[in-house]
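Pasted below: query_33.cif, mmCIF, C-alpha atoms.
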```cif
data_run
#
loop_
_atom_site.label_atom_id
_atom_site.label_comp_id
_atom_site.auth_asym_id
_atom_site.auth_seq_id
_atom_site.Cartn_x
_atom_site.Cartn_y
_atom_site.Cartn_z
CA MET A 16 -19.03 74.53 -81.43
CA THR A 17 -16.93 76.10 -78.71
CA LEU A 18 -13.16 76.33 -78.65
CA LEU A 19 -13.20 73.79 -75.79
CA VAL A 20 -12.83 70.88 -78.16
CA TRP A 21 -9.39 72.03 -79.30
CA VAL A 22 -7.88 71.79 -75.82
CA PRO A 23 -7.45 67.97 -75.76
CA LEU A 24 -5.81 68.15 -79.19
CA LEU A 25 -3.20 70.70 -78.10
CA MET A 26 -2.71 69.52 -74.51
CA PRO A 27 -0.21 66.72 -75.34
CA PHE A 28 2.32 69.35 -76.45
CA LEU A 29 2.31 70.71 -72.89
CA ALA A 30 1.69 67.54 -70.88
CA VAL A 31 4.27 65.29 -72.56
CA PRO A 32 7.37 67.38 -71.72
CA ALA A 33 6.03 67.78 -68.18
CA ALA A 34 5.45 64.03 -67.85
CA ARG A 35 9.01 63.37 -69.00
CA ARG A 36 10.39 65.73 -66.35
CA VAL A 37 8.30 64.19 -63.59
CA ALA A 38 9.12 60.62 -64.67
CA ALA A 39 12.84 61.38 -64.53
CA ALA A 40 12.46 62.20 -60.84
CA LEU A 41 10.44 59.11 -59.93
CA ALA A 42 11.46 55.56 -59.07
CA PRO A 43 11.57 53.52 -62.32
CA ARG A 44 8.42 51.48 -61.59
CA HIS A 45 6.34 54.54 -60.77
CA ALA A 46 7.75 56.42 -63.73
CA ALA A 47 6.68 53.60 -66.06
CA ARG A 48 3.11 53.64 -64.71
CA LEU A 49 2.88 57.41 -64.91
CA LEU A 50 4.15 57.56 -68.49
CA THR A 51 1.75 54.82 -69.62
CA ALA A 52 -1.20 56.47 -67.89
CA VAL A 53 -0.35 59.86 -69.42
CA ALA A 54 -0.01 58.33 -72.89
CA LEU A 55 -3.37 56.56 -72.65
CA THR A 56 -5.26 59.53 -71.16
CA LEU A 57 -3.97 61.95 -73.79
CA ALA A 58 -4.54 59.51 -76.66
CA ALA A 59 -8.11 58.86 -75.52
CA SER A 60 -9.05 62.51 -74.90
CA SER A 61 -7.54 63.75 -78.17
CA SER A 62 -9.31 60.99 -80.11
CA ALA A 63 -12.58 61.89 -78.37
CA ALA A 64 -12.06 65.53 -79.35
CA LEU A 65 -11.63 64.54 -83.00
CA ALA A 66 -14.80 62.47 -82.85
CA LEU A 67 -16.67 65.46 -81.40
CA LEU A 68 -15.46 67.64 -84.28
CA VAL A 69 -16.94 65.17 -86.78
CA VAL A 70 -20.49 65.24 -85.38
CA PRO A 71 -21.71 68.78 -86.32
CA GLY A 72 -20.60 68.46 -89.93
CA ALA A 73 -21.95 64.94 -90.16
CA SER A 74 -25.38 66.19 -89.03
CA TYR A 75 -25.79 67.71 -92.49
CA LEU A 76 -25.90 64.20 -93.93
CA PRO A 77 -29.51 62.99 -94.31
CA VAL A 78 -28.60 59.53 -92.95
CA VAL A 79 -27.13 60.99 -89.78
CA ALA A 80 -30.11 63.31 -89.39
CA VAL A 81 -32.51 60.38 -89.57
CA LEU A 82 -30.44 58.18 -87.24
CA GLY A 83 -29.99 61.03 -84.74
CA ASP A 84 -33.67 61.99 -84.99
CA LEU A 85 -32.56 65.52 -85.93
CA ALA A 86 -35.11 68.07 -87.17
CA GLU A 87 -32.30 70.27 -88.55
CA PRO A 88 -28.47 70.27 -88.72
CA LEU A 89 -26.60 71.20 -85.52
CA THR A 90 -26.29 74.93 -84.98
CA ALA A 91 -22.54 74.79 -84.44
CA GLY A 92 -21.16 77.65 -86.46
CA PRO A 93 -21.28 78.27 -90.21
CA PRO A 94 -22.22 75.15 -92.22
CA LEU A 95 -19.09 75.33 -94.40
CA VAL A 96 -16.77 75.46 -91.39
CA ALA A 97 -18.60 72.62 -89.65
CA VAL A 98 -18.44 70.41 -92.72
CA ALA A 99 -14.77 71.23 -93.40
CA LEU A 100 -13.88 70.51 -89.76
CA ALA A 101 -15.82 67.26 -89.84
CA LEU A 102 -14.03 66.12 -92.98
CA GLY A 103 -10.62 67.06 -91.57
CA ALA A 104 -11.22 65.48 -88.16
CA GLY A 105 -12.83 62.40 -89.70
CA GLY A 106 -9.87 61.95 -92.02
CA LEU A 107 -7.46 62.28 -89.10
CA LEU A 108 -9.44 59.76 -87.06
CA LEU A 109 -9.39 57.27 -89.92
CA TRP A 110 -5.66 57.86 -90.42
CA ARG A 111 -4.98 57.26 -86.72
CA THR A 112 -7.06 54.11 -86.75
CA ALA A 113 -5.12 52.83 -89.75
CA LEU A 114 -1.78 53.61 -88.06
CA VAL A 115 -2.86 51.81 -84.88
CA ALA A 116 -4.04 48.81 -86.89
CA VAL A 117 -0.73 48.66 -88.79
CA ALA A 118 1.19 48.85 -85.50
CA VAL A 119 -0.89 46.03 -83.98
CA VAL A 120 -0.24 43.83 -87.03
CA ARG A 121 3.47 44.65 -86.88
CA GLU A 122 3.80 43.82 -83.19
CA ARG A 123 1.94 40.56 -83.62
CA ALA A 124 4.19 39.61 -86.52
CA ALA A 125 7.31 40.33 -84.47
CA LEU A 126 5.96 38.16 -81.65
CA ARG A 127 5.05 35.35 -84.03
CA ARG A 128 8.51 35.35 -85.61
CA ALA A 129 10.17 35.36 -82.21
CA ARG A 130 7.98 32.48 -80.99
CA ALA A 131 8.71 30.48 -84.14
CA ALA A 132 12.43 31.00 -83.55
CA VAL A 133 12.28 29.21 -80.19
CA ALA A 134 9.59 26.68 -81.08
CA GLY A 135 12.05 23.80 -80.65
CA THR A 136 12.44 24.16 -76.89
CA ARG A 137 10.18 24.29 -73.86
CA ASP A 138 12.62 25.60 -71.25
CA GLU A 139 12.47 29.02 -69.64
CA LEU A 140 15.77 29.75 -71.36
CA ALA A 141 15.83 29.49 -75.16
CA VAL A 142 19.31 29.65 -76.67
CA LEU A 143 19.83 30.67 -80.28
CA ARG A 144 23.10 29.73 -81.92
CA ASP A 145 24.19 33.12 -83.17
CA ALA A 146 27.47 34.97 -82.68
CA LEU A 147 25.57 38.26 -82.56
CA PRO A 148 25.06 39.05 -78.86
CA ASP A 149 21.36 39.53 -78.24
CA ALA A 150 18.92 38.91 -75.40
CA TYR A 151 15.27 39.71 -74.87
CA ALA A 152 12.20 38.66 -72.93
CA LEU A 153 9.62 36.89 -75.07
CA PRO A 154 6.14 37.41 -73.58
CA GLY A 155 3.69 34.52 -73.55
CA ARG A 156 2.39 31.79 -71.26
CA PRO A 157 4.89 31.05 -69.95
CA GLY A 158 7.23 33.87 -70.88
CA ARG A 159 10.66 32.91 -72.15
CA ILE A 160 14.14 34.34 -71.98
CA VAL A 161 15.75 34.31 -75.41
CA VAL A 162 19.51 34.66 -75.58
CA THR A 163 22.09 34.03 -78.27
CA THR A 164 25.26 32.01 -77.73
CA GLY A 165 27.14 35.24 -78.56
CA MET A 166 25.56 36.93 -75.53
CA LEU A 167 26.19 33.95 -73.22
CA ARG A 168 29.87 33.90 -74.19
CA ALA A 169 30.24 37.65 -73.62
CA LEU A 170 29.22 37.31 -69.96
CA GLU A 171 30.69 35.69 -66.85
CA PRO A 172 28.46 33.03 -65.23
CA ALA A 173 27.36 35.39 -62.43
CA GLU A 174 26.63 38.13 -64.98
CA ARG A 175 24.42 35.72 -66.88
CA GLU A 176 22.34 35.26 -63.73
CA ALA A 177 21.93 39.05 -63.61
CA LEU A 178 20.79 39.04 -67.24
CA PHE A 179 18.25 36.26 -66.56
CA ALA A 180 16.95 38.11 -63.50
CA HIS A 181 16.57 41.26 -65.62
CA GLU A 182 14.53 39.47 -68.28
CA ARG A 183 12.44 37.69 -65.63
CA ALA A 184 11.56 41.09 -64.19
CA HIS A 185 10.31 42.19 -67.64
CA LEU A 186 8.17 39.07 -67.92
CA ARG A 187 6.79 39.21 -64.38
CA GLY A 188 5.99 42.90 -64.68
CA ARG A 189 4.38 42.31 -68.09
CA HIS A 190 6.39 45.27 -69.33
CA HIS A 191 5.66 44.45 -72.96
CA LEU A 192 2.03 45.48 -72.46
CA LEU A 193 3.07 48.96 -71.36
CA LEU A 194 5.48 49.25 -74.29
CA VAL A 195 2.80 48.27 -76.79
CA LEU A 196 0.20 50.61 -75.27
CA ALA A 197 2.66 53.51 -75.50
CA GLU A 198 3.47 52.52 -79.07
CA LEU A 199 -0.22 52.58 -80.01
CA ALA A 200 -0.79 55.88 -78.17
CA ALA A 201 2.10 57.36 -80.17
CA ARG A 202 0.15 56.55 -83.34
CA CYS A 203 -2.80 58.61 -82.03
CA HIS A 204 -1.00 61.91 -81.50
CA PRO A 205 2.48 62.93 -82.73
CA ALA A 206 3.40 64.57 -79.41
CA LEU A 207 2.94 61.22 -77.63
CA ARG A 208 5.88 59.71 -79.55
CA ALA A 209 8.19 61.45 -77.10
CA LEU A 210 6.83 59.25 -74.27
CA ARG A 211 8.13 55.99 -75.76
CA ASP A 212 11.84 56.41 -75.03
CA PRO A 213 11.40 57.51 -71.40
CA LEU A 214 8.99 54.61 -70.85
CA ALA A 215 11.41 52.08 -72.36
CA TYR A 216 14.17 53.53 -70.20
CA ALA A 217 12.05 53.39 -67.02
CA LEU A 218 11.19 49.73 -67.72
CA GLU A 219 14.85 48.83 -68.31
CA ARG A 220 15.80 50.60 -65.08
CA ALA A 221 13.07 48.76 -63.17
CA ALA A 222 14.34 45.43 -64.52
CA ASP A 223 17.93 46.44 -63.70
CA GLU A 224 16.94 47.16 -60.11
CA ALA A 225 15.14 43.82 -59.87
CA ALA A 226 18.23 42.08 -61.26
CA ALA A 227 20.51 43.86 -58.78
CA THR A 228 18.24 42.72 -55.94
CA ALA A 229 18.07 39.14 -57.26
CA VAL A 230 21.84 38.73 -57.51
CA GLY A 231 22.37 40.82 -54.38
CA ASP A 232 25.09 42.93 -56.02
CA ARG A 233 24.52 46.23 -57.85
CA ARG A 234 28.05 46.28 -59.26
CA LEU A 235 27.59 42.83 -60.72
CA ALA A 236 24.35 43.89 -62.41
CA ALA A 237 26.05 47.04 -63.74
CA ARG A 238 28.94 44.99 -65.09
CA ALA A 239 26.57 42.58 -66.84
CA ILE A 240 24.84 45.45 -68.66
CA GLY A 241 28.12 47.15 -69.51
CA ARG A 242 29.77 44.02 -70.88
CA ALA A 243 26.69 43.02 -72.86
CA ALA A 244 26.49 46.48 -74.42
CA LEU A 245 30.19 46.57 -75.32
CA ALA A 246 29.94 43.07 -76.81
CA THR A 247 26.97 44.17 -78.91
CA LYS A 248 28.82 47.24 -80.08
CA ALA A 249 31.99 45.53 -81.29
CA PRO A 250 30.85 43.40 -84.26
CA LEU A 251 28.33 45.90 -85.62
CA PRO A 252 30.20 48.94 -86.94
CA THR A 253 28.35 48.74 -90.25
CA ARG A 254 24.84 48.75 -88.84
CA PRO A 255 23.19 52.05 -89.68
CA GLY A 256 22.42 53.83 -86.44
CA ALA A 257 18.65 54.20 -86.23
CA VAL A 258 18.77 56.53 -83.27
CA LEU A 259 21.67 58.79 -82.41
CA ALA A 260 21.30 60.17 -78.91
CA ALA A 261 22.44 63.76 -78.47
CA THR A 262 23.56 63.10 -74.93
CA ALA A 263 24.55 59.95 -73.10
CA GLY A 264 22.53 56.99 -74.32
CA PRO A 265 20.39 54.79 -72.09
CA VAL A 266 23.01 52.10 -71.39
CA PRO A 267 25.64 54.34 -69.74
CA ARG A 268 22.85 55.98 -67.73
CA ARG A 269 21.60 52.58 -66.56
CA VAL A 270 25.09 51.51 -65.53
CA ALA A 271 25.70 54.81 -63.75
CA ALA A 272 22.38 54.49 -61.91
CA LEU A 273 23.32 51.03 -60.62
CA LEU A 274 26.80 52.17 -59.56
CA ASP A 275 25.55 55.30 -57.80
CA PRO A 276 21.94 54.78 -56.68
CA ALA A 277 21.90 57.97 -54.58
CA ALA A 278 22.73 60.18 -57.56
CA ALA A 279 20.35 58.32 -59.83
CA ALA A 280 17.41 58.59 -57.46
CA ARG A 281 17.00 62.38 -57.60
CA PRO A 282 18.22 63.84 -60.86
CA THR A 283 15.96 66.91 -60.73
CA LEU A 284 15.37 69.60 -58.15
CA PRO A 285 12.53 68.59 -55.86
CA ARG A 286 10.85 72.00 -55.94
CA ALA A 287 11.03 72.35 -59.72
CA GLY A 288 9.83 68.76 -59.94
CA ARG A 289 6.79 69.49 -57.82
CA LEU A 290 5.93 72.48 -59.98
CA VAL A 291 6.21 70.39 -63.14
CA ALA A 292 4.10 67.67 -61.55
CA GLY A 293 1.45 70.26 -60.81
CA VAL A 294 1.42 71.48 -64.41
CA LEU A 295 1.25 67.90 -65.65
CA LEU A 296 -1.66 66.90 -63.45
CA ALA A 297 -3.51 70.12 -64.24
CA SER A 298 -3.14 69.63 -67.98
CA LEU A 299 -4.32 66.01 -67.76
CA VAL A 300 -7.39 67.03 -65.77
CA VAL A 301 -8.05 69.92 -68.15
CA SER A 302 -7.61 67.63 -71.14
CA GLY A 303 -10.11 65.09 -69.86
CA ALA A 304 -12.52 67.71 -68.54
CA THR A 305 -12.61 69.68 -71.77
CA ALA A 306 -13.29 66.54 -73.77
CA ILE A 307 -16.25 65.89 -71.48
CA GLY A 308 -17.24 69.56 -71.55
CA ALA A 309 -17.13 69.63 -75.33
CA ALA A 310 -19.23 66.48 -75.44
CA ASP A 311 -21.77 68.06 -73.11
CA ASP A 312 -21.84 71.17 -75.26
CA LEU A 313 -22.37 69.06 -78.36
CA HIS A 314 -25.16 67.16 -76.62
CA ALA A 315 -26.95 70.44 -75.95
CA HIS A 316 -26.69 71.31 -79.64
CA ILE A 317 -28.06 67.90 -80.57
CA GLU A 318 -31.06 68.41 -78.30
CA VAL A 319 -31.71 71.74 -80.01
CA ALA A 320 -31.47 70.10 -83.41
CA GLN A 321 -33.90 67.43 -82.24
CA GLY A 322 -36.30 70.20 -81.30
CA GLU A 323 -36.36 69.15 -77.63
CA THR A 324 -35.04 72.40 -76.20
CA THR A 325 -34.73 75.94 -77.42
CA ALA A 326 -31.50 77.42 -78.69
CA ASP A 327 -31.48 79.63 -75.59
CA ALA A 328 -31.03 76.69 -73.26
CA ALA A 329 -28.09 75.47 -75.29
CA ARG A 330 -26.60 78.97 -75.39
CA MET B 8 25.76 37.90 -53.63
CA GLY B 9 22.69 35.76 -53.85
CA ASP B 10 24.50 32.49 -53.21
CA ARG B 11 22.87 31.88 -49.85
CA SER B 12 19.41 31.85 -51.36
CA ALA B 13 20.28 30.10 -54.62
CA GLU B 14 19.07 26.71 -53.39
CA ARG B 15 15.71 28.16 -52.43
CA ARG B 16 15.05 29.70 -55.82
CA PRO B 17 12.44 28.02 -58.06
CA ALA B 18 13.91 25.03 -59.86
CA GLY B 19 13.00 26.50 -63.24
CA GLU B 20 15.22 29.49 -62.56
CA LEU B 21 18.19 27.30 -61.71
CA GLU B 22 17.75 25.42 -64.98
CA ALA B 23 18.50 28.58 -66.97
CA GLY B 24 21.96 28.92 -65.42
CA VAL B 25 22.74 25.24 -65.97
CA LEU B 26 21.64 25.38 -69.61
CA ALA B 27 23.69 28.55 -70.15
CA ALA B 28 26.77 26.84 -68.71
CA LEU B 29 26.31 23.87 -71.06
CA TRP B 30 25.82 26.12 -74.09
CA THR B 31 28.97 28.13 -73.43
CA ALA B 32 31.12 25.06 -72.69
CA GLY B 33 31.34 23.79 -76.26
CA GLU B 34 31.77 20.18 -75.03
CA PRO B 35 29.79 17.83 -72.76
CA LEU B 36 30.18 18.69 -69.07
CA THR B 37 30.01 16.43 -66.02
CA PRO B 38 27.90 17.64 -63.07
CA ALA B 39 31.10 18.59 -61.24
CA ARG B 40 32.22 20.84 -64.10
CA VAL B 41 28.72 22.32 -64.46
CA GLN B 42 28.81 23.15 -60.77
CA ARG B 43 32.06 25.08 -61.23
CA ALA B 44 30.74 26.86 -64.34
CA LEU B 45 27.68 28.30 -62.59
CA GLY B 46 27.26 31.88 -61.44
CA VAL B 47 25.68 30.72 -58.19
CA SER B 48 26.89 28.07 -55.76
CA LEU B 49 24.71 24.99 -55.76
CA ALA B 50 25.20 21.61 -54.11
CA ARG B 51 26.41 18.88 -56.47
CA THR B 52 23.23 16.87 -55.84
CA THR B 53 21.11 19.87 -56.86
CA VAL B 54 23.10 20.23 -60.09
CA THR B 55 22.67 16.50 -60.81
CA THR B 56 18.93 16.73 -60.19
CA ILE B 57 18.59 19.70 -62.55
CA LEU B 58 20.60 17.92 -65.24
CA SER B 59 18.44 14.80 -64.95
CA ARG B 60 15.28 16.86 -65.28
CA LEU B 61 16.65 18.68 -68.33
CA TYR B 62 17.58 15.31 -69.82
CA GLU B 63 14.06 13.94 -69.27
CA LYS B 64 12.62 17.01 -71.00
CA GLY B 65 14.92 16.42 -73.96
CA SER B 66 16.66 19.77 -73.48
CA VAL B 67 20.07 18.15 -73.01
CA GLY B 68 21.68 14.95 -74.22
CA ARG B 69 24.22 12.90 -72.29
CA VAL B 70 27.14 10.61 -72.91
CA ARG B 71 28.89 8.19 -70.54
CA ALA B 72 31.83 9.78 -68.77
CA GLY B 73 33.55 7.49 -66.27
CA ARG B 74 31.02 6.37 -63.67
CA GLY B 75 28.50 9.09 -64.52
CA TYR B 76 27.35 11.18 -67.47
CA ALA B 77 28.50 14.29 -69.29
CA TYR B 78 25.76 16.57 -70.59
CA ALA B 79 25.45 18.79 -73.66
CA PRO B 80 22.53 20.89 -74.96
CA THR B 81 20.50 19.24 -77.72
CA GLU B 82 20.25 21.00 -81.04
CA ASP B 83 17.48 19.70 -83.22
CA ALA B 84 16.13 20.64 -86.61
CA PRO B 85 14.09 23.57 -85.23
CA GLY B 86 17.39 25.02 -84.05
CA LEU B 87 18.46 25.49 -87.64
CA THR B 88 15.34 27.41 -88.63
CA ALA B 89 15.73 29.33 -85.41
CA ARG B 90 19.06 30.66 -86.59
CA ARG B 91 17.55 31.97 -89.81
CA MET B 92 14.57 33.46 -87.97
CA HIS B 93 16.82 35.19 -85.54
CA SER B 94 18.92 36.92 -88.16
CA GLU B 95 15.63 38.20 -89.60
CA LEU B 96 14.54 39.36 -86.18
CA ALA B 97 17.86 41.04 -85.45
CA LYS B 98 16.90 43.85 -87.81
CA ASP B 99 15.52 46.55 -85.56
CA GLU B 100 12.68 47.59 -87.81
CA ASP B 101 11.18 44.07 -87.71
CA ARG B 102 11.39 43.80 -83.99
CA GLY B 103 8.51 45.88 -82.78
CA ALA B 104 8.12 47.33 -79.32
CA VAL B 105 7.26 44.03 -77.62
CA LEU B 106 10.75 42.58 -77.78
CA ALA B 107 12.90 44.97 -75.81
CA ARG B 108 16.63 44.30 -76.08
CA PHE B 109 18.66 43.75 -72.92
CA VAL B 110 20.99 46.49 -74.13
CA SER B 111 20.31 49.06 -76.82
CA GLN B 112 22.87 50.10 -79.42
CA LEU B 113 25.75 52.26 -78.20
CA THR B 114 26.96 55.35 -79.95
CA ASN B 115 30.72 55.94 -79.99
CA GLU B 116 30.31 58.52 -77.22
CA ASP B 117 28.28 56.01 -75.19
CA GLU B 118 30.97 53.39 -75.64
CA ALA B 119 33.70 55.70 -74.33
CA LEU B 120 31.50 56.79 -71.42
CA LEU B 121 30.61 53.21 -70.58
CA ARG B 122 34.23 52.09 -70.62
CA SER B 123 35.20 54.90 -68.26
CA LEU B 124 32.29 54.02 -65.94
CA LEU B 125 33.30 50.37 -65.85
CA ASP B 126 36.98 51.24 -65.37
CA ALA B 127 36.18 53.71 -62.59
CA GLY B 128 34.16 51.06 -60.80
CA GLU B 129 36.96 48.52 -61.43
CA LEU B 130 34.22 46.40 -62.87
CA ASP B 131 35.86 45.22 -66.03
CA GLY B 132 37.93 42.53 -64.35
CA GLY B 133 34.99 40.34 -63.54
CA GLU B 134 36.88 38.46 -60.84
CA ASP B 135 35.64 40.25 -57.72
CA ARG B 136 32.49 38.28 -57.16
#
```
Kindly return the structure encoded in the file as structure tokens.
Amino acid sequence: MTLLVWVPLLMPFLAVPAARRVAAALAPRHAARLLTAVALTLAASSSAALALLVVPGASYLPVVAVLGDLAEPLTAGPPLVAVALALGAGGLLLWRTALVAVAVVRERAALRRARAAVAGTRDELAVLRDALPDAYALPGRPGRIVVTTGMLRALEPAEREALFAHERAHLRGRHHLLLVLAELAARCHPALRALRDPLAYALERAADEAAATAVGDRRLAARAIGRAALATKAPLPTRPGAVLAATAGPVPRRVAALLDPAAAARPTLPRAGRLVAGVLLASLVVSGATAIGAADDLHAHIEVAQGETTADAAR
Amino acid sequence: MGDRSAERRPAGELEAGVLAALWTAGEPLTPARVQRALGVSLARTTVTTILSRLYEKGSVGRVRAGRGYAYAPTEDAPGLTARRMHSELAKDEDRGAVLARFVSQLTNEDEALLRSLLDAGELDGGEDR
């Protein structure tokens, strides 16, 4: 087995920081698509690489040999190494699959609970009587806007319209699908976890922009977000902070972006950005190509093991 | 401001604002008071139409008020379970990625930064719309 197969496994460590840099320089909607595409490509190619690592070691199993019509085990390095690699990669693959399955179950449960909470109404707007300010888009057919009385009271009437427009943008854009895909990709490779926050931020920014357009007033949209955030902050001093941002958190950045669109549009140097974009694209292409290359290489070894070609042809 | 186009927006979208106004009022509102409590300017007849539709759907109840009606949101038995469900859901770890909050939690630094942003933009007053 060549070293090619390791490239897709290591590539996320290079491509993810690059993707974050590029996304920061893009319009929110494009950034969201880029980050999702990067997460899916890297998750798929690294999983494929793991699968390819399993095959040579597995060829020592009589069952696999019969099924694959193999005359002998694959000539992919020393038997002990091949078997050890196969066991390691197979274990990792199983572990990833289990993590993805757990995440799917968890997301479905969250959705089910949220749907049950608003089962009593059929309107686009579902109001929950709760002093805790909270608002979210509940995907479904049709999607709903869920808001607590605490949130409604924290906002002026015009600000509420901005909030509704924001949640409608999430529902129309089917943003929850992108969030879930990124969440599942993060379970496939640890480096992909770092794509979730930028994606969530890009989606919030996209919805903020849609809200600002809908109400025709960027300052109004900014005020709605700011007030909602401050209202959420006040009654919850005891809640243990799950995430403590080192720098400014997403809410102040969203408000700042609405108040000063020119500054928000280009936070990075264009030239540096282009360089990073180049590195990102190159590493994605390399990641996908090496997965295919490694598969091709493995196929050659399989043909040798099947006695169809000589070892010379497979190098 | 989007007032010009408010009448042309889909009826379903106007309902959300009307419902929100009724929920925040704390007492039944007449169409005239609903109209004043909205974030967009709508004709009185439009408000009355929306209220009638919400009443037919069972989303709001109404009581006689003078020559017309005053409206209030209906709260049925599911509403009570909803409250319990929501406090369960409010815990972040149960929420999953699907249900993205309108605003995420602020750190103390974020709060200070946000207040200064809002003050600088003279946005905290809320009366300039």
Practice prompt. Between B:Thr37, B:Asp117, B:Leu125, B:Ala107, single out the one closest to Tyr216 of chain A, counting all atoms listed in the file.
Written response: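 Ranked by minimum distance to Tyr216 of chain A, first place goes to B:Ala107.
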Taking a cut-off of 10 Å and counting all atoms listed in the file, can you build a table that, for each residue of segment 106-221 of chain A near segment 47-62 of chain A, reports the nearest atom pair and how far apart they are in Å (one decimal), sorted by chain then residue number, as JSON lines?
```
{"residue": "A:Leu107", "atom": "CA", "partner": "A:Ser62", "partner_atom": "CA", "distance": 9.3}
{"residue": "A:Leu108", "atom": "CA", "partner": "A:Ser62", "partner_atom": "CA", "distance": 7.1}
{"residue": "A:Arg111", "atom": "CA", "partner": "A:Ser62", "partner_atom": "CA", "distance": 8.7}
{"residue": "A:Thr112", "atom": "CA", "partner": "A:Ser62", "partner_atom": "CA", "distance": 9.8}
{"residue": "A:His190", "atom": "CA", "partner": "A:Ala47", "partner_atom": "CA", "distance": 9.0}
{"residue": "A:Leu192", "atom": "CA", "partner": "A:Thr51", "partner_atom": "CA", "distance": 9.8}
{"residue": "A:Leu193", "atom": "CA", "partner": "A:Thr51", "partner_atom": "CA", "distance": 6.3}
{"residue": "A:Leu194", "atom": "CA", "partner": "A:Thr51", "partner_atom": "CA", "distance": 8.2}
{"residue": "A:Val195", "atom": "CA", "partner": "A:Thr51", "partner_atom": "CA", "distance": 9.8}
{"residue": "A:Leu196", "atom": "CA", "partner": "A:Thr51", "partner_atom": "CA", "distance": 7.2}
{"residue": "A:Ala197", "atom": "CA", "partner": "A:Thr51", "partner_atom": "CA", "distance": 6.1}
{"residue": "A:Glu198", "atom": "CA", "partner": "A:Ala54", "partner_atom": "CA", "distance": 9.2}
{"residue": "A:Leu199", "atom": "CA", "partner": "A:Ala58", "partner_atom": "CA", "distance": 8.8}
{"residue": "A:Ala200", "atom": "CA", "partner": "A:Ala58", "partner_atom": "CA", "distance": 5.4}
{"residue": "A:Ala201", "atom": "CA", "partner": "A:Ala54", "partner_atom": "CA", "distance": 7.6}
{"residue": "A:Arg202", "atom": "CA", "partner": "A:Ala58", "partner_atom": "CA", "distance": 8.7}
{"residue": "A:Cys203", "atom": "CA", "partner": "A:Ala58", "partner_atom": "CA", "distance": 5.7}
{"residue": "A:His204", "atom": "CA", "partner": "A:Ala58", "partner_atom": "CA", "distance": 6.5}
{"residue": "A:Pro205", "atom": "CA", "partner": "A:Ala58", "partner_atom": "CA", "distance": 9.9}
{"residue": "A:Ala206", "atom": "CA", "partner": "A:Leu57", "partner_atom": "CA", "distance": 9.6}
{"residue": "A:Leu207", "atom": "CA", "partner": "A:Ala54", "partner_atom": "CA", "distance": 6.3}
{"residue": "A:Arg208", "atom": "CA", "partner": "A:Ala54", "partner_atom": "CA", "distance": 9.0}
{"residue": "A:Ala209", "atom": "CA", "partner": "A:Ala54", "partner_atom": "CA", "distance": 9.7}
{"residue": "A:Leu210", "atom": "CA", "partner": "A:Leu50", "partner_atom": "CA", "distance": 6.6}
{"residue": "A:Arg211", "atom": "CA", "partner": "A:Leu50", "partner_atom": "CA", "distance": 8.4}
{"residue": "A:Pro213", "atom": "CA", "partner": "A:Leu50", "partner_atom": "CA", "distance": 7.8}
{"residue": "A:Leu214", "atom": "CA", "partner": "A:Ala47", "partner_atom": "CA", "distance": 5.4}
{"residue": "A:Ala215", "atom": "CA", "partner": "A:Ala47", "partner_atom": "CA", "distance": 8.0}
{"residue": "A:Tyr216", "atom": "CA", "partner": "A:Ala47", "partner_atom": "CA", "distance": 8.6}
{"residue": "A:Ala217", "atom": "CA", "partner": "A:Ala47", "partner_atom": "CA", "distance": 5.5}
{"residue": "A:Leu218", "atom": "CA", "partner": "A:Ala47", "partner_atom": "CA", "distance": 6.2}
{"residue": "A:Glu219", "atom": "CA", "partner": "A:Ala47", "partner_atom": "CA", "distance": 9.7}
{"residue": "A:Arg220", "atom": "CA", "partner": "A:Ala47", "partner_atom": "CA", "distance": 9.7}
{"residue": "A:Ala221", "atom": "CA", "partner": "A:Ala47", "partner_atom": "CA", "distance": 8.5}
```
Item to complete: Tell me which protein, DNA and RNA residues are within 10 Å of segment 51-54 of chain B, counting all atoms listed in the file, leaving out same-chain ones fewer than 2 positions away, and put them as a ChimeraX atom specification.
Response: /B:14,18,21-22,25,37-43,45,48-49,56-60
Worksheet item: Could you state the separation of atom CA of Arg144 of chain A and atom CA of Arg71 of chain B in Å, given to one decimal place?
Response: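 It comes out at 25.0 Å.
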Worksheet item: What is the atom CA of Leu26 of chain B to atom CA of Val67 of chain B distance in Å?
Response: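 Taking atom CA of Leu26 of chain B as the start and atom CA of Val67 of chain B as the end point, the length is 8.1 Å.
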When you get a chance, write out N, CA and C atoms for segment 171-175 of chain A, as an mmCIF file, in the coordinates of the input.
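What ended up in result.cif:
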```cif
data_model
loop_
_atom_site.group_PDB
_atom_site.id
_atom_site.type_symbol
_atom_site.label_atom_id
_atom_site.label_comp_id
_atom_site.auth_asym_id
_atom_site.auth_seq_id
_atom_site.Cartn_x
_atom_site.Cartn_y
_atom_site.Cartn_z
ATOM 1 N N GLU A 171 30.266 36.639 -67.879
ATOM 2 C CA GLU A 171 30.690 35.690 -66.850
ATOM 3 C C GLU A 171 29.443 34.958 -66.338
ATOM 4 N N PRO A 172 29.632 33.771 -65.737
ATOM 5 C CA PRO A 172 28.460 33.030 -65.230
ATOM 6 C C PRO A 172 27.572 33.863 -64.296
ATOM 7 N N ALA A 173 28.181 34.614 -63.363
ATOM 8 C CA ALA A 173 27.360 35.390 -62.430
ATOM 9 C C ALA A 173 26.637 36.518 -63.160
ATOM 10 N N GLU A 174 27.270 37.073 -64.198
ATOM 11 C CA GLU A 174 26.630 38.130 -64.980
ATOM 12 C C GLU A 174 25.438 37.586 -65.753
ATOM 13 N N ARG A 175 25.558 36.333 -66.186
ATOM 14 C CA ARG A 175 24.420 35.720 -66.880
ATOM 15 C C ARG A 175 23.211 35.647 -65.961
#
```
